Each structure stands twice: as structure tokens, then as C-alpha cells.
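K.L.:
Sharing entry-v9.tsv below, TSV, N, CA and C atoms and all ligand atoms:
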chain	number	residue	atom	x	y	z
A	1180	MET	N	-22.51	-1.60	8.96
A	1180	MET	CA	-21.87	-1.88	10.23
A	1180	MET	C	-21.55	-0.58	10.96
A	1181	ALA	N	-21.83	-0.55	12.23
A	1181	ALA	CA	-21.57	0.65	13.01
A	1181	ALA	C	-20.07	0.88	13.13
A	1182	LYS	N	-19.69	2.13	13.00
A	1182	LYS	CA	-18.27	2.45	13.19
A	1182	LYS	C	-17.99	2.54	14.67
A	1183	GLY	N	-16.77	2.31	15.04
A	1183	GLY	CA	-16.41	2.42	16.44
A	1183	GLY	C	-15.27	1.47	16.71
A	1184	TYR	N	-14.95	1.33	17.97
A	1184	TYR	CA	-13.83	0.49	18.33
A	1184	TYR	C	-14.11	-0.97	17.96
A	1185	GLN	N	-13.11	-1.60	17.37
A	1185	GLN	CA	-13.24	-3.02	17.05
A	1185	GLN	C	-12.12	-3.79	17.72
A	1186	THR	N	-12.42	-4.97	18.18
A	1186	THR	CA	-11.36	-5.81	18.73
A	1186	THR	C	-10.51	-6.32	17.59
A	1187	ASN	N	-9.33	-6.83	17.93
A	1187	ASN	CA	-8.44	-7.38	16.91
A	1187	ASN	C	-9.12	-8.43	16.05
A	1188	GLN	N	-9.85	-9.29	16.74
A	1188	GLN	CA	-10.54	-10.37	16.06
A	1188	GLN	C	-11.55	-9.81	15.04
A	1189	GLU	N	-12.30	-8.82	15.48
A	1189	GLU	CA	-13.29	-8.19	14.58
A	1189	GLU	C	-12.61	-7.52	13.41
A	1190	ARG	N	-11.50	-6.86	13.71
A	1190	ARG	CA	-10.76	-6.19	12.63
A	1190	ARG	C	-10.31	-7.18	11.58
A	1191	LYS	N	-9.77	-8.29	12.05
A	1191	LYS	CA	-9.28	-9.32	11.12
A	1191	LYS	C	-10.42	-9.84	10.25
A	1192	MET	N	-11.55	-10.08	10.90
A	1192	MET	CA	-12.70	-10.60	10.14
A	1192	MET	C	-13.19	-9.59	9.12
A	1193	THR	N	-13.24	-8.32	9.53
A	1193	THR	CA	-13.68	-7.29	8.60
A	1193	THR	C	-12.70	-7.18	7.44
A	1194	LEU	N	-11.41	-7.20	7.76
A	1194	LEU	CA	-10.40	-7.09	6.71
A	1194	LEU	C	-10.55	-8.22	5.69
A	1195	SER	N	-10.72	-9.45	6.17
A	1195	SER	CA	-10.80	-10.53	5.20
A	1195	SER	C	-12.12	-10.47	4.42
A	1196	SER	N	-13.13	-9.85	5.02
A	1196	SER	CA	-14.39	-9.71	4.27
A	1196	SER	C	-14.25	-8.72	3.11
A	1197	PHE	N	-13.21	-7.89	3.14
A	1197	PHE	CA	-12.98	-6.95	2.04
A	1197	PHE	C	-12.39	-7.66	0.83
A	1198	GLY	N	-11.87	-8.87	1.05
A	1198	GLY	CA	-11.12	-9.58	0.02
A	1198	GLY	C	-11.82	-9.66	-1.33
A	1199	LYS	N	-13.12	-9.95	-1.29
A	1199	LYS	CA	-13.84	-10.15	-2.53
A	1199	LYS	C	-13.90	-8.86	-3.37
A	1200	ASP	N	-14.23	-7.77	-2.69
A	1200	ASP	CA	-14.31	-6.48	-3.40
A	1200	ASP	C	-12.94	-6.04	-3.89
A	1201	LEU	N	-11.93	-6.28	-3.04
A	1201	LEU	CA	-10.60	-5.85	-3.43
A	1201	LEU	C	-10.06	-6.69	-4.58
A	1202	ALA	N	-10.41	-7.97	-4.60
A	1202	ALA	CA	-9.96	-8.83	-5.69
A	1202	ALA	C	-10.50	-8.32	-7.02
A	1203	ARG	N	-11.73	-7.82	-6.97
A	1203	ARG	CA	-12.34	-7.28	-8.18
A	1203	ARG	C	-11.59	-6.01	-8.61
A	1204	ARG	N	-11.34	-5.14	-7.63
A	1204	ARG	CA	-10.63	-3.89	-7.95
A	1204	ARG	C	-9.23	-4.20	-8.50
A	1205	ALA	N	-8.56	-5.18	-7.89
A	1205	ALA	CA	-7.18	-5.50	-8.27
A	1205	ALA	C	-7.11	-6.33	-9.54
A	1206	ARG	N	-8.25	-6.79	-10.02
A	1206	ARG	CA	-8.31	-7.70	-11.17
A	1206	ARG	C	-7.34	-8.87	-10.96
A	1207	SER	N	-7.31	-9.36	-9.71
A	1207	SER	CA	-6.50	-10.52	-9.34
A	1207	SER	C	-5.00	-10.35	-9.56
A	1208	LYS	N	-4.56	-9.10	-9.63
A	1208	LYS	CA	-3.12	-8.85	-9.69
A	1208	LYS	C	-2.72	-8.06	-8.45
A	1209	CYS	N	-1.49	-8.28	-8.00
A	1209	CYS	CA	-1.00	-7.51	-6.86
A	1209	CYS	C	-1.10	-6.02	-7.19
A	1210	GLU	N	-1.67	-5.25	-6.27
A	1210	GLU	CA	-1.90	-3.83	-6.57
A	1210	GLU	C	-0.61	-3.00	-6.49
A	1211	LEU	N	0.45	-3.59	-5.99
A	1211	LEU	CA	1.72	-2.85	-5.99
A	1211	LEU	C	2.65	-3.29	-7.12
A	1212	CYS	N	2.85	-4.60	-7.25
A	1212	CYS	CA	3.86	-5.06	-8.23
A	1212	CYS	C	3.23	-5.70	-9.46
A	1213	GLU	N	1.90	-5.79	-9.49
A	1213	GLU	CA	1.17	-6.34	-10.64
A	1213	GLU	C	1.44	-7.81	-10.93
A	1214	SER	N	1.99	-8.55	-9.96
A	1214	SER	CA	2.14	-9.99	-10.14
A	1214	SER	C	0.77	-10.64	-10.25
A	1215	ALA	N	0.64	-11.57	-11.18
A	1215	ALA	CA	-0.61	-12.31	-11.32
A	1215	ALA	C	-0.35	-13.77	-10.98
A	1216	GLY	N	-1.41	-14.47	-10.63
A	1216	GLY	CA	-1.28	-15.90	-10.36
A	1216	GLY	C	-0.57	-16.21	-9.05
A	1217	VAL	N	-0.53	-15.25	-8.16
A	1217	VAL	CA	0.06	-15.47	-6.84
A	1217	VAL	C	-1.00	-15.19	-5.77
A	1218	PRO	N	-0.83	-15.78	-4.59
A	1218	PRO	CA	-1.82	-15.51	-3.53
A	1218	PRO	C	-1.78	-14.03	-3.14
A	1219	LEU	N	-2.97	-13.44	-3.01
A	1219	LEU	CA	-3.06	-12.03	-2.64
A	1219	LEU	C	-3.85	-11.91	-1.35
A	1220	SER	N	-3.52	-10.92	-0.55
A	1220	SER	CA	-4.30	-10.73	0.67
A	1220	SER	C	-4.45	-9.24	0.98
A	1221	VAL	N	-5.39	-8.99	1.89
A	1221	VAL	CA	-5.72	-7.60	2.23
A	1221	VAL	C	-4.65	-7.03	3.15
A	1222	PHE	N	-4.17	-5.86	2.82
A	1222	PHE	CA	-3.17	-5.17	3.63
A	1222	PHE	C	-3.69	-3.79	3.97
A	1223	GLU	N	-3.67	-3.47	5.26
A	1223	GLU	CA	-4.14	-2.17	5.71
A	1223	GLU	C	-2.96	-1.20	5.67
A	1224	VAL	N	-3.07	-0.17	4.85
A	1224	VAL	CA	-1.97	0.79	4.72
A	1224	VAL	C	-1.87	1.59	6.02
A	1225	PRO	N	-0.69	1.55	6.68
A	1225	PRO	CA	-0.54	2.22	7.97
A	1225	PRO	C	-0.63	3.75	7.85
A	1226	PRO	N	-0.85	4.49	8.91
A	1226	PRO	CA	-1.13	3.95	10.25
A	1226	PRO	C	-2.53	3.39	10.34
A	1227	GLU	N	-2.68	2.35	11.13
A	1227	GLU	CA	-4.00	1.74	11.26
A	1227	GLU	C	-4.94	2.72	11.96
A	1228	PRO	N	-6.16	2.80	11.48
A	1228	PRO	CA	-7.09	3.72	12.13
A	1228	PRO	C	-7.40	3.23	13.54
A	1229	THR	N	-7.68	4.16	14.43
A	1229	THR	CA	-8.01	3.75	15.79
A	1229	THR	C	-9.43	3.21	15.85
A	1230	GLU	N	-10.23	3.64	14.89
A	1230	GLU	CA	-11.60	3.16	14.87
A	1230	GLU	C	-11.73	1.93	13.97
A	1231	ALA	N	-12.83	1.83	13.29
A	1231	ALA	CA	-13.06	0.65	12.47
A	1231	ALA	C	-12.16	0.64	11.24
A	1232	VAL	N	-11.84	-0.57	10.76
A	1232	VAL	CA	-11.08	-0.68	9.53
A	1232	VAL	C	-11.93	-0.17	8.38
A	1233	ASP	N	-11.26	0.31	7.36
A	1233	ASP	CA	-11.94	0.99	6.28
A	1233	ASP	C	-11.37	0.45	4.96
A	1234	ILE	N	-12.27	0.02	4.09
A	1234	ILE	CA	-11.80	-0.57	2.83
A	1234	ILE	C	-11.00	0.44	2.02
A	1235	ASP	N	-11.28	1.73	2.22
A	1235	ASP	CA	-10.54	2.75	1.49
A	1235	ASP	C	-9.12	2.95	1.99
A	1236	GLN	N	-8.77	2.16	2.99
A	1236	GLN	CA	-7.40	2.23	3.49
A	1236	GLN	C	-6.65	0.93	3.20
A	1237	CYS	N	-7.30	0.06	2.40
A	1237	CYS	CA	-6.73	-1.26	2.19
A	1237	CYS	C	-6.29	-1.47	0.74
A	1238	ILE	N	-5.26	-2.29	0.60
A	1238	ILE	CA	-4.83	-2.69	-0.73
A	1238	ILE	C	-4.74	-4.21	-0.76
A	1239	PHE	N	-4.70	-4.76	-1.95
A	1239	PHE	CA	-4.71	-6.21	-2.12
A	1239	PHE	C	-3.37	-6.57	-2.75
A	1240	ILE	N	-2.50	-7.20	-1.98
A	1240	ILE	CA	-1.13	-7.39	-2.46
A	1240	ILE	C	-0.59	-8.80	-2.23
A	1241	CYS	N	0.54	-9.09	-2.90
A	1241	CYS	CA	1.15	-10.41	-2.79
A	1241	CYS	C	1.98	-10.51	-1.51
A	1242	ASP	N	2.39	-11.72	-1.16
A	1242	ASP	CA	3.12	-11.94	0.09
A	1242	ASP	C	4.45	-11.19	0.12
A	1243	ASN	N	5.10	-11.15	-1.03
A	1243	ASN	CA	6.38	-10.47	-1.11
A	1243	ASN	C	6.24	-8.96	-0.83
A	1244	CYS	N	5.27	-8.35	-1.48
A	1244	CYS	CA	5.03	-6.92	-1.24
A	1244	CYS	C	4.59	-6.67	0.20
A	1245	ARG	N	3.78	-7.58	0.72
A	1245	ARG	CA	3.31	-7.43	2.10
A	1245	ARG	C	4.49	-7.43	3.07
A	1246	GLU	N	5.35	-8.43	2.91
A	1246	GLU	CA	6.48	-8.56	3.82
A	1246	GLU	C	7.37	-7.30	3.77
A	1247	GLN	N	7.62	-6.84	2.55
A	1247	GLN	CA	8.52	-5.69	2.41
A	1247	GLN	C	7.84	-4.37	2.78
A	1248	SER	N	6.51	-4.35	2.69
A	1248	SER	CA	5.79	-3.14	3.11
A	1248	SER	C	5.72	-3.07	4.62
A	1249	GLU	N	5.51	-4.23	5.24
A	1249	GLU	CA	5.32	-4.30	6.68
A	1249	GLU	C	6.62	-4.09	7.44
A	1250	ASN	N	7.69	-4.64	6.89
A	1250	ASN	CA	8.93	-4.74	7.63
A	1250	ASN	C	10.06	-3.99	6.93
A	1251	LEU	N	10.43	-2.86	7.50
A	1251	LEU	CA	11.48	-2.03	6.90
A	1251	LEU	C	12.78	-2.80	6.72
A	1252	LYS	N	13.07	-3.69	7.66
A	1252	LYS	CA	14.33	-4.43	7.60
A	1252	LYS	C	14.35	-5.41	6.44
A	1253	LYS	N	13.17	-5.83	6.02
A	1253	LYS	CA	13.13	-6.81	4.93
A	1253	LYS	C	13.02	-6.14	3.56
A	1254	PHE	N	12.91	-4.84	3.58
A	1254	PHE	CA	12.76	-4.12	2.32
A	1254	PHE	C	14.06	-4.14	1.52
A	1255	LYS	N	13.95	-4.58	0.25
A	1255	LYS	CA	15.14	-4.61	-0.60
A	1255	LYS	C	14.95	-3.67	-1.78
A	1256	PRO	N	15.72	-2.58	-1.82
A	1256	PRO	CA	15.60	-1.64	-2.93
A	1256	PRO	C	16.10	-2.28	-4.23
A	1257	GLY	N	15.68	-1.76	-5.35
A	1257	GLY	CA	16.25	-2.26	-6.61
A	1257	GLY	C	15.30	-2.19	-7.78
A	1258	GLU	N	15.84	-2.58	-8.92
A	1258	GLU	CA	15.13	-2.53	-10.20
A	1258	GLU	C	13.80	-3.27	-10.20
A	1259	HIS	N	13.71	-4.34	-9.37
A	1259	HIS	CA	12.47	-5.12	-9.36
A	1259	HIS	C	11.28	-4.29	-8.91
A	1260	TRP	N	11.54	-3.12	-8.32
A	1260	TRP	CA	10.45	-2.25	-7.89
A	1260	TRP	C	10.07	-1.22	-8.94
A	1261	ARG	N	10.68	-1.30	-10.10
A	1261	ARG	CA	10.45	-0.26	-11.12
A	1261	ARG	C	8.98	-0.11	-11.48
A	1262	VAL	N	8.23	-1.19	-11.32
A	1262	VAL	CA	6.80	-1.17	-11.62
A	1262	VAL	C	6.09	-0.10	-10.79
A	1263	LEU	N	6.68	0.28	-9.67
A	1263	LEU	CA	6.07	1.31	-8.82
A	1263	LEU	C	5.95	2.65	-9.56
A	1264	ALA	N	6.83	2.86	-10.54
A	1264	ALA	CA	6.75	4.10	-11.32
A	1264	ALA	C	5.40	4.20	-12.03
A	1265	GLN	N	4.76	3.04	-12.26
A	1265	GLN	CA	3.41	3.05	-12.84
A	1265	GLN	C	2.34	3.00	-11.76
A	1266	THR	N	2.51	2.07	-10.82
A	1266	THR	CA	1.42	1.87	-9.85
A	1266	THR	C	1.23	3.10	-8.96
A	1267	VAL	N	2.27	3.92	-8.83
A	1267	VAL	CA	2.14	5.11	-7.99
A	1267	VAL	C	1.12	6.09	-8.57
A	1268	TRP	N	0.82	5.95	-9.86
A	1268	TRP	CA	-0.18	6.80	-10.51
A	1268	TRP	C	-1.58	6.22	-10.43
A	1269	SER	N	-1.76	5.18	-9.65
A	1269	SER	CA	-3.08	4.58	-9.48
A	1269	SER	C	-4.10	5.63	-9.04
A	1270	GLU	N	-5.36	5.37	-9.38
A	1270	GLU	CA	-6.40	6.31	-8.93
A	1270	GLU	C	-6.91	5.94	-7.54
A	1271	THR	N	-6.36	4.87	-7.00
A	1271	THR	CA	-6.79	4.40	-5.68
A	1271	THR	C	-5.82	4.93	-4.62
A	1272	ALA	N	-6.34	5.74	-3.71
A	1272	ALA	CA	-5.48	6.45	-2.75
A	1272	ALA	C	-4.52	5.55	-1.97
A	1273	PRO	N	-4.99	4.46	-1.34
A	1273	PRO	CA	-4.04	3.68	-0.54
A	1273	PRO	C	-2.92	3.06	-1.37
A	1274	ILE	N	-3.17	2.77	-2.63
A	1274	ILE	CA	-2.10	2.24	-3.50
A	1274	ILE	C	-1.06	3.33	-3.73
A	1275	GLN	N	-1.55	4.53	-4.03
A	1275	GLN	CA	-0.64	5.66	-4.24
A	1275	GLN	C	0.23	5.91	-3.01
A	1276	VAL	N	-0.40	5.86	-1.85
A	1276	VAL	CA	0.32	6.14	-0.61
A	1276	VAL	C	1.40	5.10	-0.36
A	1277	MET	N	1.04	3.82	-0.48
A	1277	MET	CA	2.02	2.77	-0.20
A	1277	MET	C	3.13	2.77	-1.25
A	1278	ALA	N	2.78	2.97	-2.51
A	1278	ALA	CA	3.79	3.00	-3.58
A	1278	ALA	C	4.75	4.18	-3.35
A	1279	THR	N	4.20	5.32	-2.94
A	1279	THR	CA	5.06	6.48	-2.68
A	1279	THR	C	6.04	6.19	-1.55
A	1280	ARG	N	5.55	5.54	-0.50
A	1280	ARG	CA	6.45	5.21	0.62
A	1280	ARG	C	7.57	4.27	0.16
A	1281	LEU	N	7.20	3.28	-0.66
A	1281	LEU	CA	8.22	2.33	-1.11
A	1281	LEU	C	9.23	3.03	-2.00
A	1282	LEU	N	8.79	4.00	-2.78
A	1282	LEU	CA	9.71	4.78	-3.61
A	1282	LEU	C	10.64	5.61	-2.73
A	1283	LYS	N	10.07	6.20	-1.70
A	1283	LYS	CA	10.89	7.02	-0.80
A	1283	LYS	C	11.97	6.22	-0.11
A	1284	ARG	N	11.64	4.97	0.23
A	1284	ARG	CA	12.61	4.14	0.92
A	1284	ARG	C	13.86	3.87	0.08
A	1285	GLN	N	13.71	4.00	-1.25
A	1285	GLN	CA	14.87	3.68	-2.08
A	1285	GLN	C	15.31	4.87	-2.94
A	1286	ALA	N	14.81	6.05	-2.61
A	1286	ALA	CA	15.16	7.23	-3.40
A	1286	ALA	C	16.66	7.54	-3.32
A	1287	ASP	N	17.29	7.16	-2.22
A	1287	ASP	CA	18.72	7.43	-2.08
A	1287	ASP	C	19.57	6.56	-2.99
A	1288	SER	N	19.12	5.32	-3.19
A	1288	SER	CA	19.97	4.40	-3.94
A	1288	SER	C	19.52	4.22	-5.39
A	1289	GLN	N	18.28	4.56	-5.72
A	1289	GLN	CA	17.77	4.30	-7.06
A	1289	GLN	C	17.38	5.61	-7.77
A	1290	ALA	N	18.11	5.92	-8.84
A	1290	ALA	CA	17.84	7.16	-9.56
A	1290	ALA	C	16.42	7.19	-10.12
A	1291	TRP	N	15.96	6.06	-10.64
A	1291	TRP	CA	14.62	6.01	-11.24
A	1291	TRP	C	13.55	6.31	-10.19
A	1292	ALA	N	13.77	5.86	-8.95
A	1292	ALA	CA	12.80	6.11	-7.89
A	1292	ALA	C	12.75	7.60	-7.56
A	1293	ARG	N	13.93	8.20	-7.52
A	1293	ARG	CA	14.03	9.64	-7.25
A	1293	ARG	C	13.30	10.42	-8.34
A	1294	GLU	N	13.56	10.03	-9.59
A	1294	GLU	CA	12.92	10.72	-10.72
A	1294	GLU	C	11.40	10.57	-10.67
A	1295	THR	N	10.95	9.37	-10.32
A	1295	THR	CA	9.50	9.15	-10.23
A	1295	THR	C	8.90	10.07	-9.17
A	1296	LEU	N	9.55	10.16	-8.04
A	1296	LEU	CA	9.05	11.01	-6.95
A	1296	LEU	C	9.07	12.49	-7.36
A	1297	ASP	N	10.10	12.88	-8.10
A	1297	ASP	CA	10.19	14.27	-8.57
A	1297	ASP	C	9.01	14.63	-9.47
A	1298	GLY	N	8.56	13.65	-10.25
A	1298	GLY	CA	7.49	13.93	-11.20
A	1298	GLY	C	6.10	13.68	-10.65
A	1299	LEU	N	6.06	13.26	-9.39
A	1299	LEU	CA	4.79	12.85	-8.81
A	1299	LEU	C	4.06	14.02	-8.17
A	1300	PHE	N	2.76	14.06	-8.39
A	1300	PHE	CA	1.97	15.06	-7.69
A	1300	PHE	C	0.89	14.38	-6.88
A	1301	LEU	N	0.90	14.62	-5.58
A	1301	LEU	CA	-0.13	14.03	-4.71
A	1301	LEU	C	-0.98	15.14	-4.10
A	1302	ASP	N	-2.25	14.82	-3.87
A	1302	ASP	CA	-3.11	15.74	-3.12
A	1302	ASP	C	-2.50	15.96	-1.74
A	1303	GLU	N	-2.77	17.11	-1.19
A	1303	GLU	CA	-2.26	17.45	0.13
A	1303	GLU	C	-2.60	16.37	1.16
A	1304	GLU	N	-3.84	15.92	1.07
A	1304	GLU	CA	-4.34	14.91	2.01
A	1304	GLU	C	-3.52	13.62	1.93
A	1305	LEU	N	-3.20	13.21	0.70
A	1305	LEU	CA	-2.41	11.99	0.52
A	1305	LEU	C	-0.97	12.20	0.96
A	1306	GLU	N	-0.45	13.35	0.63
A	1306	GLU	CA	0.90	13.73	1.02
A	1306	GLU	C	1.05	13.58	2.54
A	1307	GLU	N	0.02	14.02	3.24
A	1307	GLU	CA	0.04	13.95	4.70
A	1307	GLU	C	-0.01	12.50	5.18
A	1308	TRP	N	-0.84	11.73	4.52
A	1308	TRP	CA	-0.97	10.30	4.86
A	1308	TRP	C	0.39	9.61	4.66
A	1309	VAL	N	1.05	9.92	3.56
A	1309	VAL	CA	2.36	9.32	3.27
A	1309	VAL	C	3.32	9.53	4.43
A	1310	THR	N	3.31	10.73	4.99
A	1310	THR	CA	4.30	11.04	6.02
A	1310	THR	C	3.96	10.45	7.39
A	1311	LYS	N	2.78	9.86	7.51
A	1311	LYS	CA	2.37	9.31	8.81
A	1311	LYS	C	3.00	7.96	9.15
A	1312	ALA	N	3.67	7.37	8.18
A	1312	ALA	CA	4.37	6.12	8.44
A	1312	ALA	C	5.52	6.04	7.45
A	1313	GLU	N	6.37	5.02	7.60
A	1313	GLU	CA	7.52	4.90	6.70
A	1313	GLU	C	7.22	3.96	5.55
A	1401	ZN	ZN	3.34	-7.60	-5.13
Output the file's structure as C-alpha cells, nothing else.
Ligand SMILES: [Zn+2]
P.N.:
Amino acid sequence: MAKGYQTNQERKMTLSSFGKDLARRARSKCELCESAGVPLSVFEVPPEPTEAVDIDQCIFICDNCREQSENLKKFKPGEHWRVLAQTVWSETAPIQVMATRLLKRQADSQAWARETLDGLFLDEELEEWVTKAE
């Protein structure tokens, strides 16, 4: 597919077409919280590219993670996110980026999140991506 500007409709269609490949990568578990047996969908890790959507910027996650990733106001810090201490070490860049952001959002209130971030090493490129959104 040619890269370039895509309409919203095209973007949505392309995103959902990634579902099959992402389901394989995710082994049918949420790529952030590792929940299995729940509906999963494609989430584009912000900021959204101005050009075409890119599978390397997408993760496959559950509705709960999606809602809390998308909406800062709905984000609830706490122990239930402890799984991020593992998923943040994923070899898949967009998972690392989103997990790092979720850890940062709760670093003030959760000691374990702070410790995970202290021990984390990200490539410069990913570090930069992390800071491009909250
Ligand atoms: Zn999840």
C-alpha cells in the first residue's frame, strides 16, 4: 500500500486489518496487562502519525487498557498495573512505549512503578517517543 495521507475511514480500515497479525504477536493476550479470554483491539500508540498508520506503532490490548491509555482522566494508578513491570521489557517498541507512559503516570503514587522506571533502559529513539505524549 502506498504511504501518504489517509482519510479517517481508511485509517480505521487499515488499523483493523492489522488485527490478525497483532493477534498472533500478542498470542491472544492483552499486550499491556496480559489478560486472556477478553476482547482485544488494535490501539495506535500516540502521537498518531500524520501519514499512513503503521503496524509498528500499534499494540493489541483489552478494553480496560485502551480506555485508561486513551483517557488520562480514567487512568487509575495501583497494584493492578504491576504487570507493567514485566511488559515494559517487551521487545516490541510500541508496547514498551505505552507501558513506560503508564508507569510514569503513577510513579508519584506507586513505589514499584518508580523502581521499575529507575531500572529501565530505553533506546534514545524510544525515550523520545515516550515524551511525545502522556
Ligand atoms: Zn489489558
K.L.:
For segment 1202-1213 of chain A, find every residue with an atom within 8 Å (counting only N, CA and C atoms), except residues of its own chain fewer than 2 positions away, and show them as a list of chain:residue names.
P.N.:
A:Phe1197, A:Gly1198, A:Lys1199, A:Asp1200, A:Ala1215, A:Gly1216, A:Val1217, A:Pro1218, A:Leu1219, A:Ser1220, A:Ile1238, A:Phe1239, A:Ile1240, A:Cys1241, A:Asp1242, A:Cys1244, A:His1259, A:Trp1260, A:Arg1261, A:Val1262, A:Leu1263, A:Gln1265, A:Thr1266, A:Val1267, A:Ile1274, A:Gln1275, A:Met1277, A:Ala1278
K.L.:
Enumerate the residues of segment 1183-1304 of chain A with a DSSP assignment of strand (DSSP E or B), computed from the backbone, and present them as a PyMOL selection string.
P.N.:
chain A and resi 1208+1215+1219-1223+1237-1241
K.L.:
Could you tell me how far atom CA of Glu1303 of chain A lies from atom N of Gln1285 of chain A, in Å and to one decimal?
P.N.:
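Distance reported for this atom pair: 20.9 Å.
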K.L.:
Here is a test: counting only C-alpha atoms and all ligand atoms, which residue of A:Ala1272, A:Val1232, A:Leu1251, A:Leu1281 is nearest to ligand ZN 1401 (chain A)?
P.N.:
A:Leu1281
K.L.:
Grab the atom C of Glu1313 of chain A to atom N of Ile1234 of chain A distance for me, in Å with one decimal place.
P.N.:
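Taking atom C of Glu1313 of chain A as the start and atom N of Ile1234 of chain A as the end point, the length is 19.9 Å.
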K.L.:
Grab the atom CA of Lys1255 of chain A to atom CA of Leu1194 of chain A distance for me, in Å with one decimal place.
P.N.:
26.7 Å
K.L.:
Hey, which of A:Leu1201, A:Lys1252, A:Asn1243, A:Ala1292 ends up closest to ligand ZN 1401 (chain A)? Count only N, CA and C atoms and all ligand atoms.
P.N.:
A:Asn1243
K.L.:
Mind checking DSSP for segment 1272-1306 of chain A and telling me the alpha helix (DSSP H) residues as a list in words?
P.N.:
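DSSP-assigned alpha helix (DSSP H) residues in segment 1272-1306 of chain A: Ala1272, Pro1273, Ile1274, Gln1275, Val1276, Met1277, Ala1278, Thr1279, Arg1280, Leu1281, Leu1282, Lys1283, Arg1284, Ala1290, Trp1291, Ala1292, Arg1293, Glu1294, Thr1295, Leu1296, Asp1297, Glu1303, Glu1304, Leu1305 and Glu1306 of chain A.
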K.L.:
Using all atoms listed in the file, which of A:Ser1214, A:Gln1289, A:Ser1269, A:Thr1310 sits nearest ligand ZN 1401 (chain A)?
P.N.:
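Closest to ligand ZN 1401 (chain A), using all atoms listed in the file: A:Ser1214.
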K.L.:
From the options A:Gln1236, A:Thr1295, A:Asn1187, A:Thr1193, which residue's atoms come nearest to Trp1308 of chain A, counting only C-alpha atoms?
P.N.:
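Checking each candidate against Trp1308 of chain A, we get A:Gln1236 as the closest.
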K.L.:
Using all atoms listed in the file, which residue out of A:Ser1196, A:Leu1305, A:Cys1237, A:Gln1185 lies closest to Val1276 of chain A?
P.N.:
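That would be A:Leu1305, the residue with the smallest distance to Val1276 of chain A.
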K.L.:
Choose the residue, out of A:Glu1270, A:Glu1230, A:Lys1311, A:Gly1257, that has the smallest atom-to-atom separation from Ser1288 of chain A; count all atoms listed in the file.
P.N.:
A:Gly1257
K.L.:
Because the input lacks atoms here, generate all heavy atoms for segment 1289-1294 of chain A and report them as a PDB file, keeping the file's coordinate frame.
P.N.:
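The resulting selection_12.pdb:
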ATOM      1  N   GLN A1289      18.280   4.560  -5.720  1.00  0.00           N
ATOM      2  CA  GLN A1289      17.770   4.300  -7.060  1.00  0.00           C
ATOM      3  C   GLN A1289      17.380   5.610  -7.770  1.00  0.00           C
ATOM      4  O   GLN A1289      16.436   6.279  -7.355  1.00  0.00           O
ATOM      5  CB  GLN A1289      16.521   3.400  -7.003  1.00  0.00           C
ATOM      6  CG  GLN A1289      16.689   2.115  -6.210  1.00  0.00           C
ATOM      7  CD  GLN A1289      17.633   1.141  -6.883  1.00  0.00           C
ATOM      8  OE1 GLN A1289      17.612   0.980  -8.103  1.00  0.00           O
ATOM      9  NE2 GLN A1289      18.478   0.499  -6.102  1.00  0.00           N
ATOM     10  N   ALA A1290      18.110   5.920  -8.840  1.00  0.00           N
ATOM     11  CA  ALA A1290      17.840   7.160  -9.560  1.00  0.00           C
ATOM     12  C   ALA A1290      16.420   7.190 -10.120  1.00  0.00           C
ATOM     13  O   ALA A1290      15.732   8.202 -10.050  1.00  0.00           O
ATOM     14  CB  ALA A1290      18.859   7.344 -10.681  1.00  0.00           C
ATOM     15  N   TRP A1291      15.960   6.060 -10.640  1.00  0.00           N
ATOM     16  CA  TRP A1291      14.620   6.010 -11.240  1.00  0.00           C
ATOM     17  C   TRP A1291      13.550   6.310 -10.190  1.00  0.00           C
ATOM     18  O   TRP A1291      12.528   6.926 -10.492  1.00  0.00           O
ATOM     19  CB  TRP A1291      14.371   4.674 -11.940  1.00  0.00           C
ATOM     20  CG  TRP A1291      14.412   3.502 -10.998  1.00  0.00           C
ATOM     21  CD1 TRP A1291      15.494   2.729 -10.712  1.00  0.00           C
ATOM     22  CD2 TRP A1291      13.344   3.023 -10.177  1.00  0.00           C
ATOM     23  NE1 TRP A1291      15.166   1.799  -9.764  1.00  0.00           N
ATOM     24  CE2 TRP A1291      13.856   1.946  -9.428  1.00  0.00           C
ATOM     25  CE3 TRP A1291      12.006   3.388 -10.008  1.00  0.00           C
ATOM     26  CZ2 TRP A1291      13.080   1.240  -8.516  1.00  0.00           C
ATOM     27  CZ3 TRP A1291      11.225   2.679  -9.093  1.00  0.00           C
ATOM     28  CH2 TRP A1291      11.768   1.616  -8.366  1.00  0.00           C
ATOM     29  N   ALA A1292      13.770   5.860  -8.950  1.00  0.00           N
ATOM     30  CA  ALA A1292      12.800   6.110  -7.890  1.00  0.00           C
ATOM     31  C   ALA A1292      12.750   7.600  -7.560  1.00  0.00           C
ATOM     32  O   ALA A1292      11.688   8.180  -7.366  1.00  0.00           O
ATOM     33  CB  ALA A1292      13.154   5.303  -6.638  1.00  0.00           C
ATOM     34  N   ARG A1293      13.930   8.200  -7.520  1.00  0.00           N
ATOM     35  CA  ARG A1293      14.030   9.640  -7.250  1.00  0.00           C
ATOM     36  C   ARG A1293      13.300  10.420  -8.340  1.00  0.00           C
ATOM     37  O   ARG A1293      12.535  11.332  -8.079  1.00  0.00           O
ATOM     38  CB  ARG A1293      15.503  10.026  -7.213  1.00  0.00           C
ATOM     39  CG  ARG A1293      15.815  11.115  -6.230  1.00  0.00           C
ATOM     40  CD  ARG A1293      17.295  11.149  -5.854  1.00  0.00           C
ATOM     41  NE  ARG A1293      18.203  10.878  -6.944  1.00  0.00           N
ATOM     42  CZ  ARG A1293      19.094   9.874  -6.945  1.00  0.00           C
ATOM     43  NH1 ARG A1293      19.167   9.047  -5.935  1.00  0.00           N
ATOM     44  NH2 ARG A1293      19.903   9.684  -7.959  1.00  0.00           N
ATOM     45  N   GLU A1294      13.560  10.030  -9.590  1.00  0.00           N
ATOM     46  CA  GLU A1294      12.920  10.720 -10.720  1.00  0.00           C
ATOM     47  C   GLU A1294      11.400  10.570 -10.670  1.00  0.00           C
ATOM     48  O   GLU A1294      10.662  11.513 -10.956  1.00  0.00           O
ATOM     49  CB  GLU A1294      13.437  10.165 -12.055  1.00  0.00           C
ATOM     50  CG  GLU A1294      14.781  10.752 -12.441  1.00  0.00           C
ATOM     51  CD  GLU A1294      15.536   9.864 -13.422  1.00  0.00           C
ATOM     52  OE1 GLU A1294      14.881   9.087 -14.169  1.00  0.00           O
ATOM     53  OE2 GLU A1294      16.785   9.924 -13.438  1.00  0.00           O
TER      54      GLU A1294
END
